[in-house]
Amino acid sequence: MLPADYHMHTPLCRHAAGEPTEYAAHAVAQGLPEIGFSDHSPMARDDFDNWRMYDRQLDDYVERVQKARRDHPGLIIRLGLEVDYLPGHEDWIRDLTARHPWDYLIGSVHYIAGDWAIDDPSQLSKWKQHDPFEVWSLYFNTLAQAAASGLFDIIGHADLPKKFGIRPQQDCTPLYDTFLQAAQAAGVAIELNTAGLRKDCREIYPAQSLLERACQRQVPITFGSDAHAPGEVGMDFPAAVAWARAAGYRESVRFEARQRRGLPLS
Ligand SMILES: [Zn+2]
Ligand SMILES: [Zn+2]
């Protein structure tokens with residue numbers, strides 16, 4: 001049996017296609033037992049960027065997920081959010097996440113140094129102005145803060161800076177350890193995100209060396225396709241399960257009302 005797919009988007013984020021009920025239908029067709037939605041959460045300011053739902057759409061988002069539940073009673077459908085972690089925004093995130101009974105919250109770092117979304121193709125030129133190792137250092141320090149904040153159940157796509165295939169020459173394992181130490185101490189899970197296979201880096205997030213170190217620290221894992229269209233639900237999950245097993249994992253975790261339970265990897 002395939003693990004749950006906990007990372008998928010909706011058209012409310014303005015760069016995904018298909019209604020939640022269509023994602024659910026594809027999950028059923030793929031034989032997935034469980035899915036969860038995790039669309040990009042609002043920011044304190046609606047004009048912060050243009051790739052997330054507006055604050056006033058949060059109830060609409062929840063309603064669309066509930067419609068998918070009504071349409072597919074045989075599929076377990078969790079309600080989550082992918083929340084951008086920005087240092088200093090903790091109180092806003094706490095208020096936001098108190099507005100609905102979420103099953104889980106994915107904390108992701110897309111922004112470093114304020115306004116640079118490192119995975120945004122329209123900001124790709126900024127990579128030329130920065131040393132990759134400096135970017136990775138800043139990113140993993142912020143990711144460690146996200147893990148330590150206690151605000152999240154899962155940390156999303158833990159080595160996102162590799163997206164465009166730009167990688168530092170230096171050994172990054174000390175950066176991984178800083179992050180994983182924080183994840184372990186806070187009891188937060190990390191996700192295996194198969195979207196990396198569809199990007200220039202051609203590799204699941206996170207890298208095998210990060211995942212092995214996570215396994216040694218018994219940091220739990222979830223799985224996510226990061227689907228932005230119904231056809232991407234559950235994409236490359238057999239490869240992701242193999243990636244997890246190669247790092248030493250024998251179970252993944254699922255969430256309901258922010259409570260975690262283990263499930264053996266098959
Ligand atoms: Zn993301
Ligand atoms: Zn995402």
# chains A, B, ... in the order shown; residues from 1 in each chain; ligands from 1
>>> residues_around(residues="Gly156 (chain A)", least_positions_apart="2", cutoff="12 Å", atoms="only C-alpha atoms", output="tab-separated table (two decimals) with N, CA and C atoms, in the first residue's frame")
chain	number	residue	atom	x	y	z
A	6	TYR	N	0.45	13.95	1.39
A	6	TYR	CA	0.07	15.08	2.25
A	6	TYR	C	0.39	16.45	1.67
A	7	HIS	N	0.79	16.51	0.40
A	7	HIS	CA	1.17	17.82	-0.13
A	7	HIS	C	0.51	18.05	-1.48
A	8	MET	N	-0.58	18.78	-1.47
A	8	MET	CA	-1.23	19.15	-2.73
A	8	MET	C	-1.91	20.50	-2.61
A	38	SER	N	-2.69	20.91	1.31
A	38	SER	CA	-1.75	21.79	2.01
A	38	SER	C	-1.46	22.97	1.09
A	40	HIS	N	-0.93	26.87	-0.18
A	40	HIS	CA	-0.13	27.97	0.35
A	40	HIS	C	-0.99	28.89	1.20
A	81	LEU	N	-2.25	22.89	5.73
A	81	LEU	CA	-1.81	24.12	5.08
A	81	LEU	C	-0.31	24.03	4.91
A	82	GLU	N	0.21	24.63	3.84
A	82	GLU	CA	1.65	24.84	3.72
A	82	GLU	C	1.90	26.29	4.11
A	83	VAL	N	2.52	26.47	5.24
A	83	VAL	CA	2.70	27.80	5.82
A	83	VAL	C	4.14	28.26	5.60
A	84	ASP	N	4.31	29.45	5.07
A	84	ASP	CA	5.65	30.01	4.92
A	84	ASP	C	6.19	30.42	6.27
A	85	TYR	N	7.36	29.89	6.61
A	85	TYR	CA	7.99	30.36	7.84
A	85	TYR	C	8.89	31.55	7.51
A	104	TYR	N	-2.85	18.87	10.03
A	104	TYR	CA	-1.39	19.08	10.14
A	104	TYR	C	-1.03	20.39	9.46
A	105	LEU	N	0.13	20.90	9.85
A	105	LEU	CA	0.67	22.12	9.23
A	105	LEU	C	2.06	21.81	8.71
A	106	ILE	N	2.28	22.10	7.43
A	106	ILE	CA	3.61	21.96	6.85
A	106	ILE	C	4.28	23.33	6.94
A	107	GLY	N	5.43	23.38	7.55
A	107	GLY	CA	6.20	24.62	7.60
A	107	GLY	C	7.24	24.57	6.49
A	108	SER	N	7.20	25.56	5.60
A	108	SER	CA	8.16	25.60	4.50
A	108	SER	C	8.92	26.91	4.50
A	109	VAL	N	10.16	26.83	4.10
A	109	VAL	CA	10.94	28.05	3.88
A	109	VAL	C	11.11	28.20	2.37
A	110	HIS	N	10.50	29.22	1.82
A	110	HIS	CA	10.72	29.60	0.42
A	110	HIS	C	11.52	30.89	0.37
A	143	LEU	N	15.52	27.19	8.23
A	143	LEU	CA	14.75	25.95	8.35
A	143	LEU	C	14.85	25.39	9.78
A	146	ALA	N	12.49	27.32	11.81
A	146	ALA	CA	11.12	26.86	11.54
A	146	ALA	C	10.81	25.61	12.35
A	147	ALA	N	11.76	24.67	12.35
A	147	ALA	CA	11.55	23.42	13.09
A	147	ALA	C	11.44	23.72	14.59
A	152	PHE	N	4.87	23.85	13.63
A	152	PHE	CA	4.57	22.95	12.51
A	152	PHE	C	4.68	21.48	12.91
A	153	ASP	N	3.94	20.65	12.14
A	153	ASP	CA	4.00	19.20	12.33
A	153	ASP	C	5.01	18.57	11.38
A	154	ILE	N	5.18	19.20	10.22
A	154	ILE	CA	6.02	18.65	9.15
A	154	ILE	C	6.82	19.81	8.55
A	158	ALA	N	12.83	19.73	2.41
A	158	ALA	CA	13.91	20.25	3.26
A	158	ALA	C	15.19	20.70	2.54
A	159	ASP	N	15.39	20.34	1.31
A	159	ASP	CA	16.56	20.95	0.63
A	159	ASP	C	16.13	21.64	-0.67
A	160	LEU	N	15.13	22.48	-0.54
A	160	LEU	CA	14.58	23.24	-1.68
A	160	LEU	C	15.62	24.02	-2.49
A	183	ALA	N	14.93	19.71	14.43
A	183	ALA	CA	13.74	18.90	14.11
A	183	ALA	C	13.55	17.80	15.14
A	188	VAL	N	9.43	17.28	15.22
A	188	VAL	CA	8.74	17.59	13.97
A	188	VAL	C	9.18	16.61	12.88
A	189	ALA	N	8.25	16.27	11.99
A	189	ALA	CA	8.54	15.35	10.89
A	189	ALA	C	9.08	16.12	9.69
A	190	ILE	N	9.68	15.39	8.73
A	190	ILE	CA	10.07	15.99	7.45
A	190	ILE	C	9.36	15.23	6.34
A	191	GLU	N	9.19	15.88	5.21
A	191	GLU	CA	8.49	15.19	4.12
A	191	GLU	C	9.47	14.78	3.03
A	192	LEU	N	9.16	13.67	2.39
A	192	LEU	CA	9.78	13.31	1.11
A	192	LEU	C	8.88	13.87	0.04
A	193	ASN	N	9.40	14.79	-0.75
A	193	ASN	CA	8.61	15.54	-1.71
A	193	ASN	C	9.09	15.19	-3.12
A	194	THR	N	8.20	14.55	-3.89
A	194	THR	CA	8.62	14.04	-5.20
A	194	THR	C	8.66	15.11	-6.29
A	195	ALA	N	8.25	16.34	-5.98
A	195	ALA	CA	8.29	17.40	-6.99
A	195	ALA	C	9.71	17.64	-7.48
A	196	GLY	N	10.71	17.37	-6.63
A	196	GLY	CA	12.10	17.55	-7.03
A	196	GLY	C	12.44	16.77	-8.30
A	204	ILE	N	14.43	13.70	-5.57
A	204	ILE	CA	13.45	13.89	-4.49
A	204	ILE	C	14.06	14.81	-3.43
A	205	TYR	N	13.23	15.66	-2.84
A	205	TYR	CA	13.64	16.41	-1.64
A	205	TYR	C	13.33	15.53	-0.43
A	206	PRO	N	14.20	15.36	0.54
A	206	PRO	CA	15.58	15.85	0.57
A	206	PRO	C	16.55	14.80	0.03
A	221	ILE	N	8.91	10.70	9.02
A	221	ILE	CA	8.72	11.18	7.65
A	221	ILE	C	7.26	11.07	7.19
A	222	THR	N	6.90	11.99	6.28
A	222	THR	CA	5.66	11.91	5.52
A	222	THR	C	6.04	11.96	4.04
A	223	PHE	N	5.04	11.80	3.18
A	223	PHE	CA	5.27	11.83	1.73
A	223	PHE	C	4.36	12.88	1.09
A	224	GLY	N	4.87	13.53	0.06
A	224	GLY	CA	4.06	14.51	-0.64
A	224	GLY	C	4.46	14.61	-2.10
A	225	SER	N	3.45	14.74	-2.97
A	225	SER	CA	3.75	14.92	-4.40
A	225	SER	C	3.91	16.39	-4.74
A	226	ASP	N	3.44	17.28	-3.85
A	226	ASP	CA	3.40	18.72	-4.15
A	226	ASP	C	2.61	18.95	-5.44
>>> residues_around(residues="region 231-243 of chain A", least_positions_apart="2", cutoff="7 Å", atoms="only C-alpha atoms", output="list in words")
Asp5, Tyr23, His26, Ala27, Leu192, Thr194, Ser225, Ala227, His228, Ala229, Arg245, Ala246 and Ala247 of chain A
>>> select_by_dssp(residues="region 21-137 of chain A", states="strand (DSSP E)", output="list in words")
Glu34, Ile35, Gly36, Phe37, Ser38, Asp39, His40, Ile76, Ile77, Arg78, Leu79, Gly80, Leu81, Glu82, Val83, Asp84, Tyr104, Leu105, Ile106, Gly107, Ser108, Tyr111, Ile112, Trp116 and Ala117 of chain A
>>> residues_around(residues="region 122-128 of chain A", least_positions_apart="5", cutoff="9 Å", atoms="only C-alpha atoms", output="ChimeraX atom specification")
/A:116-117,135,164,166
>>> write_last_selection(atoms="N, CA, C and O atoms", output="CSV table (one decimal), in the first residue's frame")
chain,number,residue,atom,x,y,z
A,116,TRP,N,13.4,37.3,-1.0
A,116,TRP,CA,13.9,36.4,-2.1
A,116,TRP,C,13.3,35.0,-1.9
A,116,TRP,O,13.7,34.3,-1.0
A,117,ALA,N,12.3,34.6,-2.8
A,117,ALA,CA,11.8,33.3,-2.9
A,117,ALA,C,12.8,32.5,-3.7
A,117,ALA,O,12.8,32.6,-5.0
A,135,VAL,N,23.8,30.8,0.3
A,135,VAL,CA,22.3,30.7,0.2
A,135,VAL,C,21.9,29.4,1.0
A,135,VAL,O,20.9,29.5,1.8
A,164,PHE,N,16.9,24.3,-8.8
A,164,PHE,CA,17.4,24.7,-10.1
A,164,PHE,C,18.7,23.9,-10.5
A,164,PHE,O,19.3,24.2,-11.5
A,166,ILE,N,21.5,24.1,-8.8
A,166,ILE,CA,22.7,24.9,-8.4
A,166,ILE,C,23.0,24.3,-7.0
A,166,ILE,O,22.2,24.4,-6.1
>>> closest_residue(among="A:Asp200, A:Asp103, A:Asp71, A:Asp131", to="Phe37 (chain A)", atoms="only C-alpha atoms")
A:Asp103
>>> residues_around(residues="Trp136 (chain A)", least_positions_apart="3", cutoff="8 Å", atoms="only C-alpha atoms", output="PyMOL selection string")
chain A and resi 132-133+139-140+161+168+175
>>> write_last_selection(atoms="all heavy atoms", output="PDB file, in the first residue's frame")
ATOM      1  N   PRO A 132      26.392  29.981  -3.762  1.00  0.00           N
ATOM      2  CA  PRO A 132      25.434  28.939  -3.380  1.00  0.00           C
ATOM      3  C   PRO A 132      25.546  28.497  -1.920  1.00  0.00           C
ATOM      4  O   PRO A 132      24.528  28.286  -1.259  1.00  0.00           O
ATOM      5  CB  PRO A 132      25.761  27.783  -4.332  1.00  0.00           C
ATOM      6  CG  PRO A 132      26.380  28.436  -5.520  1.00  0.00           C
ATOM      7  CD  PRO A 132      27.099  29.648  -4.999  1.00  0.00           C
ATOM      8  N   PHE A 133      26.764  28.393  -1.417  1.00  0.00           N
ATOM      9  CA  PHE A 133      26.906  27.920  -0.036  1.00  0.00           C
ATOM     10  C   PHE A 133      26.319  28.925   0.966  1.00  0.00           C
ATOM     11  O   PHE A 133      25.744  28.538   1.981  1.00  0.00           O
ATOM     12  CB  PHE A 133      28.374  27.630   0.299  1.00  0.00           C
ATOM     13  CG  PHE A 133      28.539  26.908   1.611  1.00  0.00           C
ATOM     14  CD1 PHE A 133      28.114  25.584   1.765  1.00  0.00           C
ATOM     15  CD2 PHE A 133      29.109  27.550   2.701  1.00  0.00           C
ATOM     16  CE1 PHE A 133      28.255  24.919   2.980  1.00  0.00           C
ATOM     17  CE2 PHE A 133      29.254  26.889   3.923  1.00  0.00           C
ATOM     18  CZ  PHE A 133      28.833  25.574   4.059  1.00  0.00           C
ATOM     19  N   TYR A 139      19.500  29.398   4.267  1.00  0.00           N
ATOM     20  CA  TYR A 139      18.282  28.602   4.154  1.00  0.00           C
ATOM     21  C   TYR A 139      18.178  27.592   5.307  1.00  0.00           C
ATOM     22  O   TYR A 139      17.145  27.502   5.977  1.00  0.00           O
ATOM     23  CB  TYR A 139      18.261  27.879   2.797  1.00  0.00           C
ATOM     24  CG  TYR A 139      17.124  26.886   2.683  1.00  0.00           C
ATOM     25  CD1 TYR A 139      15.853  27.293   2.293  1.00  0.00           C
ATOM     26  CD2 TYR A 139      17.315  25.539   3.004  1.00  0.00           C
ATOM     27  CE1 TYR A 139      14.802  26.399   2.221  1.00  0.00           C
ATOM     28  CE2 TYR A 139      16.266  24.627   2.934  1.00  0.00           C
ATOM     29  CZ  TYR A 139      15.019  25.065   2.542  1.00  0.00           C
ATOM     30  OH  TYR A 139      13.981  24.171   2.485  1.00  0.00           O
ATOM     31  N   PHE A 140      19.243  26.818   5.537  1.00  0.00           N
ATOM     32  CA  PHE A 140      19.156  25.780   6.571  1.00  0.00           C
ATOM     33  C   PHE A 140      19.083  26.368   7.976  1.00  0.00           C
ATOM     34  O   PHE A 140      18.460  25.773   8.858  1.00  0.00           O
ATOM     35  CB  PHE A 140      20.289  24.757   6.426  1.00  0.00           C
ATOM     36  CG  PHE A 140      19.960  23.695   5.411  1.00  0.00           C
ATOM     37  CD1 PHE A 140      20.464  23.771   4.124  1.00  0.00           C
ATOM     38  CD2 PHE A 140      19.103  22.656   5.727  1.00  0.00           C
ATOM     39  CE1 PHE A 140      20.124  22.808   3.175  1.00  0.00           C
ATOM     40  CE2 PHE A 140      18.751  21.689   4.783  1.00  0.00           C
ATOM     41  CZ  PHE A 140      19.272  21.769   3.505  1.00  0.00           C
ATOM     42  N   PRO A 161      16.710  24.542  -1.884  1.00  0.00           N
ATOM     43  CA  PRO A 161      17.654  25.327  -2.695  1.00  0.00           C
ATOM     44  C   PRO A 161      18.258  24.567  -3.879  1.00  0.00           C
ATOM     45  O   PRO A 161      18.795  25.188  -4.799  1.00  0.00           O
ATOM     46  CB  PRO A 161      18.761  25.721  -1.697  1.00  0.00           C
ATOM     47  CG  PRO A 161      18.129  25.634  -0.362  1.00  0.00           C
ATOM     48  CD  PRO A 161      17.077  24.557  -0.454  1.00  0.00           C
ATOM     49  N   PRO A 168      26.183  23.851  -3.896  1.00  0.00           N
ATOM     50  CA  PRO A 168      27.499  24.319  -3.437  1.00  0.00           C
ATOM     51  C   PRO A 168      28.561  23.223  -3.583  1.00  0.00           C
ATOM     52  O   PRO A 168      28.229  22.037  -3.608  1.00  0.00           O
ATOM     53  CB  PRO A 168      27.287  24.611  -1.944  1.00  0.00           C
ATOM     54  CG  PRO A 168      25.868  24.354  -1.644  1.00  0.00           C
ATOM     55  CD  PRO A 168      25.245  23.650  -2.787  1.00  0.00           C
ATOM     56  N   LEU A 175      25.277  21.712   7.805  1.00  0.00           N
ATOM     57  CA  LEU A 175      24.034  22.488   7.711  1.00  0.00           C
ATOM     58  C   LEU A 175      22.838  21.575   7.966  1.00  0.00           C
ATOM     59  O   LEU A 175      21.884  21.946   8.655  1.00  0.00           O
ATOM     60  CB  LEU A 175      23.898  23.134   6.330  1.00  0.00           C
ATOM     61  CG  LEU A 175      25.043  24.018   5.846  1.00  0.00           C
ATOM     62  CD1 LEU A 175      24.745  24.539   4.436  1.00  0.00           C
ATOM     63  CD2 LEU A 175      25.255  25.188   6.801  1.00  0.00           C
TER      64      LEU A 175
END
>>> residues_around(residues="Gln216 (chain A)", least_positions_apart="2", cutoff="10 Å", atoms="only C-alpha atoms", output="PyMOL selection string")
chain A and resi 211-214+218-219+247-249
>>> residues_around(residues="Ser252 (chain A)", least_positions_apart="5", cutoff="9 Å", atoms="only C-alpha atoms", output="ChimeraX atom specification")
/A:3-4,220-223,244,261-265
>>> closest_residue(among="A:Val62, A:Ile155, A:Ala24, A:Ala68", to="ligand 2", atoms="only C-alpha atoms and all ligand atoms")
A:Ile155
>>> atom_distance(atom1="CA of His157 (chain A)", atom2="CA of Lys67 (chain A)")
27.6 Å
